[in-house]
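Data file: model-v2.cif. Format and content: mmCIF, C-alpha atoms, pLDDT in the B column; chains and numbers go by the auth columns.
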```cif
data_my_file
loop_
_atom_site.group_PDB
_atom_site.id
_atom_site.type_symbol
_atom_site.label_atom_id
_atom_site.label_comp_id
_atom_site.label_asym_id
_atom_site.label_seq_id
_atom_site.Cartn_x
_atom_site.Cartn_y
_atom_site.Cartn_z
_atom_site.B_iso_or_equiv
_atom_site.auth_seq_id
_atom_site.auth_asym_id
ATOM 1 C CA MET A 1 29.969 -30.097 -9.294 38.00 1 A
ATOM 2 C CA LEU A 2 28.935 -28.150 -6.181 45.00 2 A
ATOM 3 C CA ARG A 3 25.592 -29.925 -6.117 48.00 3 A
ATOM 4 C CA PHE A 4 27.309 -33.126 -4.947 46.00 4 A
ATOM 5 C CA PHE A 5 28.360 -31.435 -1.724 50.00 5 A
ATOM 6 C CA PRO A 6 25.684 -30.820 0.940 58.00 6 A
ATOM 7 C CA GLN A 7 25.442 -27.524 2.750 66.00 7 A
ATOM 8 C CA LYS A 8 27.880 -27.299 5.652 64.00 8 A
ATOM 9 C CA ASP A 9 25.169 -25.936 7.930 65.00 9 A
ATOM 10 C CA LYS A 10 21.938 -26.939 6.241 63.00 10 A
ATOM 11 C CA TYR A 11 19.206 -24.376 6.779 63.00 11 A
ATOM 12 C CA ILE A 12 15.874 -25.697 7.928 65.00 12 A
ATOM 13 C CA LYS A 13 13.244 -23.058 7.384 71.00 13 A
ATOM 14 C CA GLU A 14 11.720 -21.756 10.578 71.00 14 A
ATOM 15 C CA ALA A 15 8.006 -22.300 10.924 70.00 15 A
ATOM 16 C CA ALA A 16 5.959 -19.131 11.330 72.00 16 A
ATOM 17 C CA VAL A 17 4.882 -19.028 14.965 85.00 17 A
ATOM 18 C CA HIS A 18 3.194 -15.636 15.095 92.00 18 A
ATOM 19 C CA PRO A 19 -0.169 -15.485 13.328 93.00 19 A
ATOM 20 C CA PHE A 20 -0.361 -12.613 10.886 95.00 20 A
ATOM 21 C CA ASP A 21 -3.660 -10.752 10.615 96.00 21 A
ATOM 22 C CA ALA A 22 -4.047 -8.367 7.692 95.00 22 A
ATOM 23 C CA THR A 23 -6.897 -6.623 9.535 96.00 23 A
ATOM 24 C CA LEU A 24 -4.643 -5.620 12.456 96.00 24 A
ATOM 25 C CA PRO A 25 -2.245 -2.645 12.333 96.00 25 A
ATOM 26 C CA ILE A 26 0.740 -3.027 10.010 97.00 26 A
ATOM 27 C CA PRO A 27 3.953 -1.241 11.065 98.00 27 A
ATOM 28 C CA MET A 28 4.163 1.973 9.095 98.00 28 A
ATOM 29 C CA HIS A 29 7.981 1.886 9.089 98.00 29 A
ATOM 30 C CA ILE A 30 9.963 -1.362 9.104 98.00 30 A
ATOM 31 C CA ALA A 31 13.763 -1.394 9.232 98.00 31 A
ATOM 32 C CA ILE A 32 15.805 -4.490 8.441 98.00 32 A
ATOM 33 C CA ILE A 33 19.419 -5.371 9.200 98.00 33 A
ATOM 34 C CA MET A 34 20.086 -7.705 6.286 98.00 34 A
ATOM 35 C CA ASP A 35 22.648 -10.071 7.767 97.00 35 A
ATOM 36 C CA GLY A 36 23.986 -13.447 6.700 96.00 36 A
ATOM 37 C CA ASN A 37 24.724 -13.167 2.971 97.00 37 A
ATOM 38 C CA GLY A 38 28.312 -14.344 3.370 95.00 38 A
ATOM 39 C CA ARG A 39 27.406 -17.285 5.603 95.00 39 A
ATOM 40 C CA TRP A 40 24.656 -18.311 3.194 96.00 40 A
ATOM 41 C CA ALA A 41 27.252 -18.562 0.407 95.00 41 A
ATOM 42 C CA GLN A 42 29.899 -20.254 2.521 94.00 42 A
ATOM 43 C CA ASN A 43 27.393 -22.895 3.634 93.00 43 A
ATOM 44 C CA ARG A 44 26.994 -23.752 -0.048 93.00 44 A
ATOM 45 C CA ARG A 45 30.757 -23.628 -0.706 93.00 45 A
ATOM 46 C CA LEU A 46 30.297 -20.561 -2.862 95.00 46 A
ATOM 47 C CA PRO A 47 32.214 -17.250 -2.784 94.00 47 A
ATOM 48 C CA ARG A 48 30.780 -14.655 -0.405 94.00 48 A
ATOM 49 C CA VAL A 49 29.730 -12.429 -3.295 95.00 49 A
ATOM 50 C CA ALA A 50 27.253 -15.109 -4.391 96.00 50 A
ATOM 51 C CA GLY A 51 25.434 -14.531 -1.126 96.00 51 A
ATOM 52 C CA HIS A 52 25.246 -10.795 -1.771 96.00 52 A
ATOM 53 C CA LYS A 53 23.823 -11.439 -5.229 96.00 53 A
ATOM 54 C CA GLU A 54 21.167 -13.768 -3.796 97.00 54 A
ATOM 55 C CA GLY A 55 20.479 -11.224 -1.060 97.00 55 A
ATOM 56 C CA MET A 56 19.517 -8.672 -3.712 97.00 56 A
ATOM 57 C CA GLU A 57 16.874 -11.076 -4.983 97.00 57 A
ATOM 58 C CA THR A 58 15.491 -11.215 -1.444 98.00 58 A
ATOM 59 C CA VAL A 59 15.394 -7.405 -1.359 98.00 59 A
ATOM 60 C CA LYS A 60 13.178 -7.478 -4.442 97.00 60 A
ATOM 61 C CA LYS A 61 10.752 -10.020 -2.942 98.00 61 A
ATOM 62 C CA ILE A 62 10.534 -8.328 0.460 98.00 62 A
ATOM 63 C CA THR A 63 10.140 -4.857 -1.059 98.00 63 A
ATOM 64 C CA THR A 64 7.248 -5.949 -3.221 98.00 64 A
ATOM 65 C CA HIS A 65 5.524 -7.832 -0.402 98.00 65 A
ATOM 66 C CA ALA A 66 5.967 -5.039 2.142 98.00 66 A
ATOM 67 C CA SER A 67 4.547 -2.526 -0.310 98.00 67 A
ATOM 68 C CA ARG A 68 1.485 -4.687 -0.978 98.00 68 A
ATOM 69 C CA LEU A 69 0.915 -5.172 2.773 98.00 69 A
ATOM 70 C CA GLY A 70 0.667 -1.412 3.221 98.00 70 A
ATOM 71 C CA VAL A 71 4.044 -0.613 4.793 98.00 71 A
ATOM 72 C CA LYS A 72 4.828 3.081 4.293 98.00 72 A
ATOM 73 C CA VAL A 73 8.620 3.015 4.714 98.00 73 A
ATOM 74 C CA LEU A 74 11.045 0.101 4.378 98.00 74 A
ATOM 75 C CA THR A 75 14.584 0.967 5.484 98.00 75 A
ATOM 76 C CA LEU A 76 17.259 -1.574 4.560 98.00 76 A
ATOM 77 C CA TYR A 77 20.776 -1.551 6.036 98.00 77 A
ATOM 78 C CA ALA A 78 22.726 -2.197 2.851 96.00 78 A
ATOM 79 C CA PHE A 79 26.282 -1.053 3.649 96.00 79 A
ATOM 80 C CA SER A 80 27.670 0.372 6.868 97.00 80 A
ATOM 81 C CA THR A 81 30.510 2.809 7.412 96.00 81 A
ATOM 82 C CA GLU A 82 32.369 -0.139 8.972 96.00 82 A
ATOM 83 C CA ASN A 83 31.947 -2.409 5.932 96.00 83 A
ATOM 84 C CA TRP A 84 34.873 -0.721 4.173 96.00 84 A
ATOM 85 C CA LYS A 85 37.080 -2.964 6.337 96.00 85 A
ATOM 86 C CA ARG A 86 36.071 -6.000 4.262 94.00 86 A
ATOM 87 C CA PRO A 87 38.338 -7.405 1.506 94.00 87 A
ATOM 88 C CA ASN A 88 38.686 -5.074 -1.471 95.00 88 A
ATOM 89 C CA ASP A 89 37.153 -7.492 -3.968 95.00 89 A
ATOM 90 C CA GLU A 90 34.051 -7.897 -1.801 95.00 90 A
ATOM 91 C CA VAL A 91 33.705 -4.128 -1.330 96.00 91 A
ATOM 92 C CA ASP A 92 34.089 -3.587 -5.075 96.00 92 A
ATOM 93 C CA TYR A 93 31.328 -6.122 -5.706 95.00 93 A
ATOM 94 C CA LEU A 94 29.062 -4.466 -3.136 96.00 94 A
ATOM 95 C CA MET A 95 29.600 -1.101 -4.805 97.00 95 A
ATOM 96 C CA GLN A 96 28.555 -2.591 -8.146 96.00 96 A
ATOM 97 C CA LEU A 97 25.410 -4.203 -6.723 94.00 97 A
ATOM 98 C CA PRO A 98 23.322 -0.990 -6.623 94.00 98 A
ATOM 99 C CA VAL A 99 24.102 -0.469 -10.309 95.00 99 A
ATOM 100 C CA ASP A 100 22.893 -3.945 -11.285 94.00 100 A
ATOM 101 C CA PHE A 101 20.015 -3.873 -8.795 95.00 101 A
ATOM 102 C CA PHE A 102 18.492 -0.587 -9.879 95.00 102 A
ATOM 103 C CA ASP A 103 18.998 -1.273 -13.584 92.00 103 A
ATOM 104 C CA THR A 104 16.838 -4.390 -13.313 93.00 104 A
ATOM 105 C CA PHE A 105 14.418 -3.478 -10.524 96.00 105 A
ATOM 106 C CA VAL A 106 13.475 0.163 -11.113 97.00 106 A
ATOM 107 C CA PRO A 107 10.820 -0.671 -13.755 97.00 107 A
ATOM 108 C CA GLU A 108 9.109 -2.950 -11.230 97.00 108 A
ATOM 109 C CA LEU A 109 9.413 -0.302 -8.514 97.00 109 A
ATOM 110 C CA ILE A 110 7.684 2.171 -10.809 97.00 110 A
ATOM 111 C CA LYS A 111 4.962 -0.395 -11.485 97.00 111 A
ATOM 112 C CA GLU A 112 4.539 -0.924 -7.717 97.00 112 A
ATOM 113 C CA ASN A 113 4.542 2.872 -7.101 98.00 113 A
ATOM 114 C CA VAL A 114 7.580 2.560 -4.789 98.00 114 A
ATOM 115 C CA LYS A 115 9.811 5.589 -4.276 98.00 115 A
ATOM 116 C CA VAL A 116 13.567 5.105 -3.796 98.00 116 A
ATOM 117 C CA HIS A 117 15.560 7.064 -1.243 98.00 117 A
ATOM 118 C CA VAL A 118 19.145 6.535 -0.116 98.00 118 A
ATOM 119 C CA MET A 119 20.564 7.842 3.140 98.00 119 A
ATOM 120 C CA GLY A 120 24.165 7.743 4.264 98.00 120 A
ATOM 121 C CA PHE A 121 27.465 9.381 3.431 98.00 121 A
ATOM 122 C CA THR A 122 26.940 8.819 -0.269 97.00 122 A
ATOM 123 C CA GLU A 123 29.565 11.370 -1.307 96.00 123 A
ATOM 124 C CA SER A 124 32.197 8.764 -0.340 96.00 124 A
ATOM 125 C CA LEU A 125 30.787 6.127 -2.693 97.00 125 A
ATOM 126 C CA PRO A 126 32.401 5.395 -6.082 96.00 126 A
ATOM 127 C CA ALA A 127 31.147 7.546 -8.936 97.00 127 A
ATOM 128 C CA HIS A 128 29.315 4.690 -10.675 96.00 128 A
ATOM 129 C CA THR A 129 27.479 3.812 -7.450 97.00 129 A
ATOM 130 C CA GLN A 130 26.499 7.442 -6.872 97.00 130 A
ATOM 131 C CA GLU A 131 25.205 7.680 -10.434 97.00 131 A
ATOM 132 C CA ALA A 132 23.084 4.525 -10.049 97.00 132 A
ATOM 133 C CA VAL A 133 21.601 5.900 -6.838 97.00 133 A
ATOM 134 C CA ARG A 134 20.906 9.299 -8.377 97.00 134 A
ATOM 135 C CA ARG A 135 19.252 7.735 -11.410 97.00 135 A
ATOM 136 C CA ALA A 136 16.994 5.462 -9.321 97.00 136 A
ATOM 137 C CA ILE A 137 15.898 8.358 -7.126 98.00 137 A
ATOM 138 C CA GLU A 138 15.152 10.486 -10.182 98.00 138 A
ATOM 139 C CA GLN A 139 13.235 7.736 -11.981 98.00 139 A
ATOM 140 C CA THR A 140 10.977 7.020 -8.985 98.00 140 A
ATOM 141 C CA LYS A 141 10.598 10.564 -7.607 98.00 141 A
ATOM 142 C CA ASP A 142 6.959 10.860 -8.714 98.00 142 A
ATOM 143 C CA ASN A 143 5.874 7.593 -7.088 98.00 143 A
ATOM 144 C CA THR A 144 3.546 8.069 -4.135 98.00 144 A
ATOM 145 C CA GLY A 145 3.560 4.660 -2.477 98.00 145 A
ATOM 146 C CA MET A 146 6.015 3.013 -0.111 98.00 146 A
ATOM 147 C CA VAL A 147 9.436 4.605 0.374 98.00 147 A
ATOM 148 C CA LEU A 148 12.267 2.108 -0.136 98.00 148 A
ATOM 149 C CA ASN A 149 15.017 3.710 1.915 98.00 149 A
ATOM 150 C CA PHE A 150 18.506 2.226 1.575 98.00 150 A
ATOM 151 C CA ALA A 151 21.064 2.946 4.298 98.00 151 A
ATOM 152 C CA LEU A 152 24.224 2.971 2.166 98.00 152 A
ATOM 153 C CA ASN A 153 27.571 3.901 3.714 98.00 153 A
ATOM 154 C CA TYR A 154 25.578 4.648 6.844 98.00 154 A
ATOM 155 C CA GLY A 155 26.553 4.685 10.512 98.00 155 A
ATOM 156 C CA SER A 156 24.286 5.961 13.250 98.00 156 A
ATOM 157 C CA ARG A 157 26.931 7.512 15.499 98.00 157 A
ATOM 158 C CA ALA A 158 28.365 9.464 12.581 98.00 158 A
ATOM 159 C CA GLU A 159 24.824 10.488 11.602 98.00 159 A
ATOM 160 C CA MET A 160 24.092 11.837 15.098 98.00 160 A
ATOM 161 C CA LEU A 161 27.440 13.608 15.280 97.00 161 A
ATOM 162 C CA GLN A 162 26.783 15.277 11.928 97.00 162 A
ATOM 163 C CA ALA A 163 23.300 16.361 13.045 97.00 163 A
ATOM 164 C CA ILE A 164 24.610 17.876 16.280 95.00 164 A
ATOM 165 C CA GLN A 165 27.473 19.637 14.510 95.00 165 A
ATOM 166 C CA SER A 166 25.029 21.083 11.993 93.00 166 A
ATOM 167 C CA LEU A 167 22.750 22.282 14.770 92.00 167 A
ATOM 168 C CA TYR A 168 25.691 23.804 16.656 90.00 168 A
ATOM 169 C CA GLN A 169 26.826 25.731 13.585 90.00 169 A
ATOM 170 C CA GLU A 170 23.321 27.068 12.967 88.00 170 A
ATOM 171 C CA MET A 171 22.906 28.159 16.578 87.00 171 A
ATOM 172 C CA ALA A 172 26.323 29.833 16.625 84.00 172 A
ATOM 173 C CA LEU A 173 25.050 32.229 13.952 84.00 173 A
ATOM 174 C CA GLU A 174 22.029 33.239 16.036 78.00 174 A
ATOM 175 C CA ASN A 175 22.218 36.295 18.277 72.00 175 A
ATOM 176 C CA GLU A 176 20.080 34.524 20.848 70.00 176 A
ATOM 177 C CA PRO A 177 20.588 30.751 20.523 68.00 177 A
ATOM 178 C CA SER A 178 17.437 28.806 21.298 78.00 178 A
ATOM 179 C CA GLU A 179 17.125 25.771 23.537 86.00 179 A
ATOM 180 C CA ILE A 180 18.024 22.485 21.849 88.00 180 A
ATOM 181 C CA THR A 181 15.056 20.126 21.538 93.00 181 A
ATOM 182 C CA GLU A 182 14.661 16.519 20.418 94.00 182 A
ATOM 183 C CA GLU A 183 12.694 17.714 17.411 95.00 183 A
ATOM 184 C CA MET A 184 15.583 19.918 16.281 94.00 184 A
ATOM 185 C CA ILE A 185 17.918 16.924 16.280 95.00 185 A
ATOM 186 C CA ASP A 186 15.270 14.657 14.764 96.00 186 A
ATOM 187 C CA GLN A 187 14.864 16.989 11.800 96.00 187 A
ATOM 188 C CA ARG A 188 18.611 16.952 11.089 97.00 188 A
ATOM 189 C CA LEU A 189 19.039 13.199 11.118 98.00 189 A
ATOM 190 C CA MET A 190 19.094 11.339 7.810 98.00 190 A
ATOM 191 C CA THR A 191 15.494 10.235 8.330 98.00 191 A
ATOM 192 C CA GLY A 192 14.456 13.885 8.553 98.00 192 A
ATOM 193 C CA PHE A 193 13.203 13.808 4.956 98.00 193 A
ATOM 194 C CA LEU A 194 10.262 11.679 6.138 98.00 194 A
ATOM 195 C CA PRO A 195 7.112 13.039 7.779 97.00 195 A
ATOM 196 C CA ALA A 196 7.574 13.126 11.567 97.00 196 A
ATOM 197 C CA LYS A 197 5.221 10.178 12.186 97.00 197 A
ATOM 198 C CA LEU A 198 7.236 7.946 9.830 98.00 198 A
ATOM 199 C CA ARG A 199 10.803 8.744 10.890 98.00 199 A
ATOM 200 C CA ASN A 200 11.100 6.139 13.622 98.00 200 A
ATOM 201 C CA PRO A 201 10.714 2.436 12.725 98.00 201 A
ATOM 202 C CA GLU A 202 7.986 0.645 14.613 98.00 202 A
ATOM 203 C CA LEU A 203 9.600 -2.710 13.877 98.00 203 A
ATOM 204 C CA VAL A 204 13.285 -3.616 13.439 98.00 204 A
ATOM 205 C CA ILE A 205 14.158 -7.045 12.023 98.00 205 A
ATOM 206 C CA ARG A 206 17.602 -8.641 12.055 98.00 206 A
ATOM 207 C CA THR A 207 18.330 -11.847 10.209 97.00 207 A
ATOM 208 C CA SER A 208 21.054 -14.510 10.741 96.00 208 A
ATOM 209 C CA GLY A 209 20.540 -15.116 14.464 94.00 209 A
ATOM 210 C CA GLU A 210 22.675 -12.192 15.619 96.00 210 A
ATOM 211 C CA GLU A 211 21.018 -10.070 18.303 97.00 211 A
ATOM 212 C CA ARG A 212 22.620 -6.665 18.167 96.00 212 A
ATOM 213 C CA ILE A 213 21.933 -3.307 16.520 97.00 213 A
ATOM 214 C CA SER A 214 25.322 -2.705 14.847 97.00 214 A
ATOM 215 C CA ASN A 215 25.248 1.094 14.789 98.00 215 A
ATOM 216 C CA PHE A 216 21.888 1.253 12.998 98.00 216 A
ATOM 217 C CA LEU A 217 19.335 4.024 13.645 98.00 217 A
ATOM 218 C CA LEU A 218 20.324 4.324 17.306 98.00 218 A
ATOM 219 C CA TRP A 219 18.284 7.495 17.851 98.00 219 A
ATOM 220 C CA GLN A 220 15.286 6.419 15.794 98.00 220 A
ATOM 221 C CA ILE A 221 14.730 2.972 17.368 98.00 221 A
ATOM 222 C CA ALA A 222 14.363 4.148 20.964 97.00 222 A
ATOM 223 C CA TYR A 223 10.878 2.583 21.124 96.00 223 A
ATOM 224 C CA SER A 224 11.008 0.178 18.208 98.00 224 A
ATOM 225 C CA GLU A 225 9.953 -3.441 18.598 98.00 225 A
ATOM 226 C CA LEU A 226 12.818 -5.821 17.814 98.00 226 A
ATOM 227 C CA PHE A 227 12.521 -9.134 15.995 98.00 227 A
ATOM 228 C CA PHE A 228 15.416 -11.549 15.514 97.00 228 A
ATOM 229 C CA THR A 229 15.351 -14.570 13.234 96.00 229 A
ATOM 230 C CA LYS A 230 17.928 -17.299 12.586 95.00 230 A
ATOM 231 C CA ALA A 231 17.150 -17.188 8.867 96.00 231 A
ATOM 232 C CA LEU A 232 20.046 -15.834 6.830 97.00 232 A
ATOM 233 C CA TRP A 233 19.013 -12.891 4.669 97.00 233 A
ATOM 234 C CA PRO A 234 18.875 -14.836 1.353 97.00 234 A
ATOM 235 C CA ASP A 235 16.484 -17.304 3.072 96.00 235 A
ATOM 236 C CA PHE A 236 14.230 -14.570 4.457 97.00 236 A
ATOM 237 C CA ASP A 237 10.947 -14.624 2.551 96.00 237 A
ATOM 238 C CA PRO A 238 7.481 -13.000 2.600 97.00 238 A
ATOM 239 C CA ALA A 239 6.187 -15.633 5.048 95.00 239 A
ATOM 240 C CA LEU A 240 8.920 -14.736 7.539 96.00 240 A
ATOM 241 C CA LEU A 241 8.162 -11.044 7.046 98.00 241 A
ATOM 242 C CA GLU A 242 4.554 -11.762 7.956 97.00 242 A
ATOM 243 C CA ASP A 243 5.773 -13.768 10.953 97.00 243 A
ATOM 244 C CA ALA A 244 7.735 -10.731 12.169 98.00 244 A
ATOM 245 C CA ILE A 245 4.724 -8.481 11.663 98.00 245 A
ATOM 246 C CA GLY A 246 2.550 -11.050 13.434 97.00 246 A
ATOM 247 C CA SER A 247 4.898 -10.844 16.422 97.00 247 A
ATOM 248 C CA PHE A 248 4.607 -7.056 16.335 97.00 248 A
ATOM 249 C CA GLN A 249 0.819 -7.280 16.279 97.00 249 A
ATOM 250 C CA GLN A 250 0.817 -9.314 19.500 95.00 250 A
ATOM 251 C CA ARG A 251 2.941 -6.875 21.481 94.00 251 A
ATOM 252 C CA ASN A 252 1.700 -4.325 23.975 86.00 252 A
ATOM 253 C CA ARG A 253 3.386 -1.048 23.045 76.00 253 A
ATOM 254 C CA ARG A 254 3.354 1.191 26.137 70.00 254 A
ATOM 255 C CA PHE A 255 6.166 3.700 25.363 63.00 255 A
ATOM 256 C CA GLY A 256 7.158 3.793 29.037 63.00 256 A
ATOM 257 C CA GLY A 257 3.584 4.138 30.324 60.00 257 A
ATOM 258 C CA LEU A 258 0.927 1.615 31.214 56.00 258 A
ATOM 259 C CA ALA A 259 -1.632 -0.110 29.088 56.00 259 A
ATOM 260 C CA GLN A 260 -5.219 0.915 29.729 54.00 260 A
ATOM 261 C CA LYS A 261 -5.982 -2.388 31.490 55.00 261 A
ATOM 262 C CA GLU A 262 -2.979 -1.952 33.795 53.00 262 A
ATOM 263 C CA GLU A 263 -4.059 1.603 34.632 51.00 263 A
ATOM 264 C CA GLU A 264 -7.526 0.394 35.589 53.00 264 A
ATOM 265 C CA GLU A 265 -6.054 -2.235 37.899 54.00 265 A
#
```
Do you think you could lay out the structure here as structure tokens?
Amino acid sequence: MLRFFPQKDKYIKEAAVHPFDATLPIPMHIAIIMDGNGRWAQNRRLPRVAGHKEGMETVKKITTHASRLGVKVLTLYAFSTENWKRPNDEVDYLMQLPVDFFDTFVPELIKENVKVHVMGFTESLPAHTQEAVRRAIEQTKDNTGMVLNFALNYGSRAEMLQAIQSLYQEMALENEPSEITEEMIDQRLMTGFLPAKLRNPELVIRTSGEERISNFLLWQIAYSELFFTKALWPDFDPALLEDAIGSFQQRNRRFGGLAQKEEEE
């Protein structure tokens, strides 16, 4: 019956405007704020959870494509520490999604040599969600390709606070506390499990047209390139991923300095 009703806000796919070149550098670490699942469903007069289910299918497509492009780390913002404020039935559904997702997708991840990692305050997740996460990590631990890093019950301010508290406690036990350095904090953040050169995303993508960071990797994205698209997450596809990477490839990354041409002038 729903097919007789048009979408409330019909999505017209954005044309790729940034040429992608596979011979140019690919971001080693891409982070994505997956936004717009609920609006995607509501536009189709479906319950919000239908958007989350479709969003998981997009995760599968983007993970596979990113891995084949040569991305080393793909960090996906799956559930924030603030998302507990949503209606209970939606939260319950979101907590079941990792179970269904990993049960169906882990064999393909193994085939693609993708390694699963989950960062966040996972001890607060329901037992069945924790078990699904643990099982996926265990099943893919020997894979040596791209790291698929889910931020699940994650919030950047809480992450930084935890890292600083941990550092403070360690230094309090030292007879001669050392000077605090950026590297000491960097190692204690939830991305500290990665090699130093991969901890900070080179490219951050947010879908749905919103242009904010939403408490995501605030320390790690100090010099990240940002890319915003109006596409809702279930509509985000490999072509749009390549468009975002194409935009990255055209940018002049100076890290506060000058490009060589500017220095010569």
- Two-atom distance - atom CA of Asp103 of chain A, atom CA of Asp237 of chain A (Å): 22.4 Å
- For the file shown, what are the residues hit by the PyMOL selection byres ((chain A and resi 78) around 6), laid out as a PyMOL selection string? chain A and resi 76-77+79+151-152
- Message: Using the chain letters and numbers from this file, what does the PyMOL selection byres ((chain A and resi 180-182) around 10) select? Give the answer as a ChimeraX atom specification.
- Response: /A:164,167-168,171,177-179,183-187
- Query: Which protein, DNA or RNA residues are at most 12 Å from (28.4, -4.8, -8.7) in the file's coordinates when you count all atoms listed in the file, listed as a PyMOL selection string?
  - Reply: chain A and resi 49-50+52-53+56+89-103+126+128-129+132
Could those residues be written to a file, using C-alpha atoms, as an mmCIF file, in the coordinates of the input?
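What follows is the written file result33.cif:
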```
data_model
loop_
_atom_site.group_PDB
_atom_site.id
_atom_site.type_symbol
_atom_site.label_atom_id
_atom_site.label_comp_id
_atom_site.auth_asym_id
_atom_site.auth_seq_id
_atom_site.Cartn_x
_atom_site.Cartn_y
_atom_site.Cartn_z
ATOM 1 C CA VAL A 49 29.730 -12.429 -3.295
ATOM 2 C CA ALA A 50 27.253 -15.109 -4.391
ATOM 3 C CA HIS A 52 25.246 -10.795 -1.771
ATOM 4 C CA LYS A 53 23.823 -11.439 -5.229
ATOM 5 C CA MET A 56 19.517 -8.672 -3.712
ATOM 6 C CA ASP A 89 37.153 -7.492 -3.968
ATOM 7 C CA GLU A 90 34.051 -7.897 -1.801
ATOM 8 C CA VAL A 91 33.705 -4.128 -1.330
ATOM 9 C CA ASP A 92 34.089 -3.587 -5.075
ATOM 10 C CA TYR A 93 31.328 -6.122 -5.706
ATOM 11 C CA LEU A 94 29.062 -4.466 -3.136
ATOM 12 C CA MET A 95 29.600 -1.101 -4.805
ATOM 13 C CA GLN A 96 28.555 -2.591 -8.146
ATOM 14 C CA LEU A 97 25.410 -4.203 -6.723
ATOM 15 C CA PRO A 98 23.322 -0.990 -6.623
ATOM 16 C CA VAL A 99 24.102 -0.469 -10.309
ATOM 17 C CA ASP A 100 22.893 -3.945 -11.285
ATOM 18 C CA PHE A 101 20.015 -3.873 -8.795
ATOM 19 C CA PHE A 102 18.492 -0.587 -9.879
ATOM 20 C CA ASP A 103 18.998 -1.273 -13.584
ATOM 21 C CA PRO A 126 32.401 5.395 -6.082
ATOM 22 C CA HIS A 128 29.315 4.690 -10.675
ATOM 23 C CA THR A 129 27.479 3.812 -7.450
ATOM 24 C CA ALA A 132 23.084 4.525 -10.049
#
```
- Message: Is it possible to get the residues within 10 Å of (27.5, 5.1, 9.2) (coordinates as in the file, counting only C-alpha atoms) written as an MDAnalysis selection string?
- Response: chainID A and resid 77 79:83 119:121 151:160 214:217
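When you apply the PyMOL selection byres ((chain A and resi 21-33) around 6) to this structure, what comes back is Phe20, Met34, Asp35, Val71, Lys72, Val73, Leu74, Thr75, Leu76, Tyr77, Pro201, Glu202, Leu203, Val204, Ile205 and Arg206 of chain A.
Separating atom CA of Leu226 of chain A from atom CA of Lys60 of chain A is a distance of 22.3 Å.
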- Task: Report the distance between atom CA of Lys230 of chain A and atom CA of Glu242 of chain A in Å, rounded to one decimal place.
- Result: 15.2 Å
- Rank A:Val114, A:Leu125, A:Ala163, A:Ala196 by their smallest atom-to-atom distance to Lys141 of chain A, using all atoms listed in the file, and report the top residue only.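 Answer, going by the shortest atom-to-atom distance: A:Val114.
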Using the file's own x, y and z axes, so that the box edges lie along x, y and z, what centre and edge lengths in Å (one decimal) does a box around every listed atom of segment 107-117 of chain A get when 3 Å is added on each side? Give it as JSON.
```
{"center_x": 10.0, "center_y": 2.1, "center_z": -7.5, "size_x": 17.0, "size_y": 16.0, "size_z": 18.5}
```
- For Asn37 of chain A, please output as a list in words all residues within 7 Å (counting all atoms listed in the file; exclusion window: fewer than 5 positions along the same chain).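 Near Asn37 of chain A, the qualifying residues are Gly51, His52, Gly55, Leu232, Trp233 and Pro234 of chain A.
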- Surrounding residues of Asn143 of chain A excluding itself and chain neighbours under 5 positions, 9 Å, all atoms listed in the file, as JSON, numbers by chain: {"A": [109, 110, 112, 113, 114, 115, 116]}
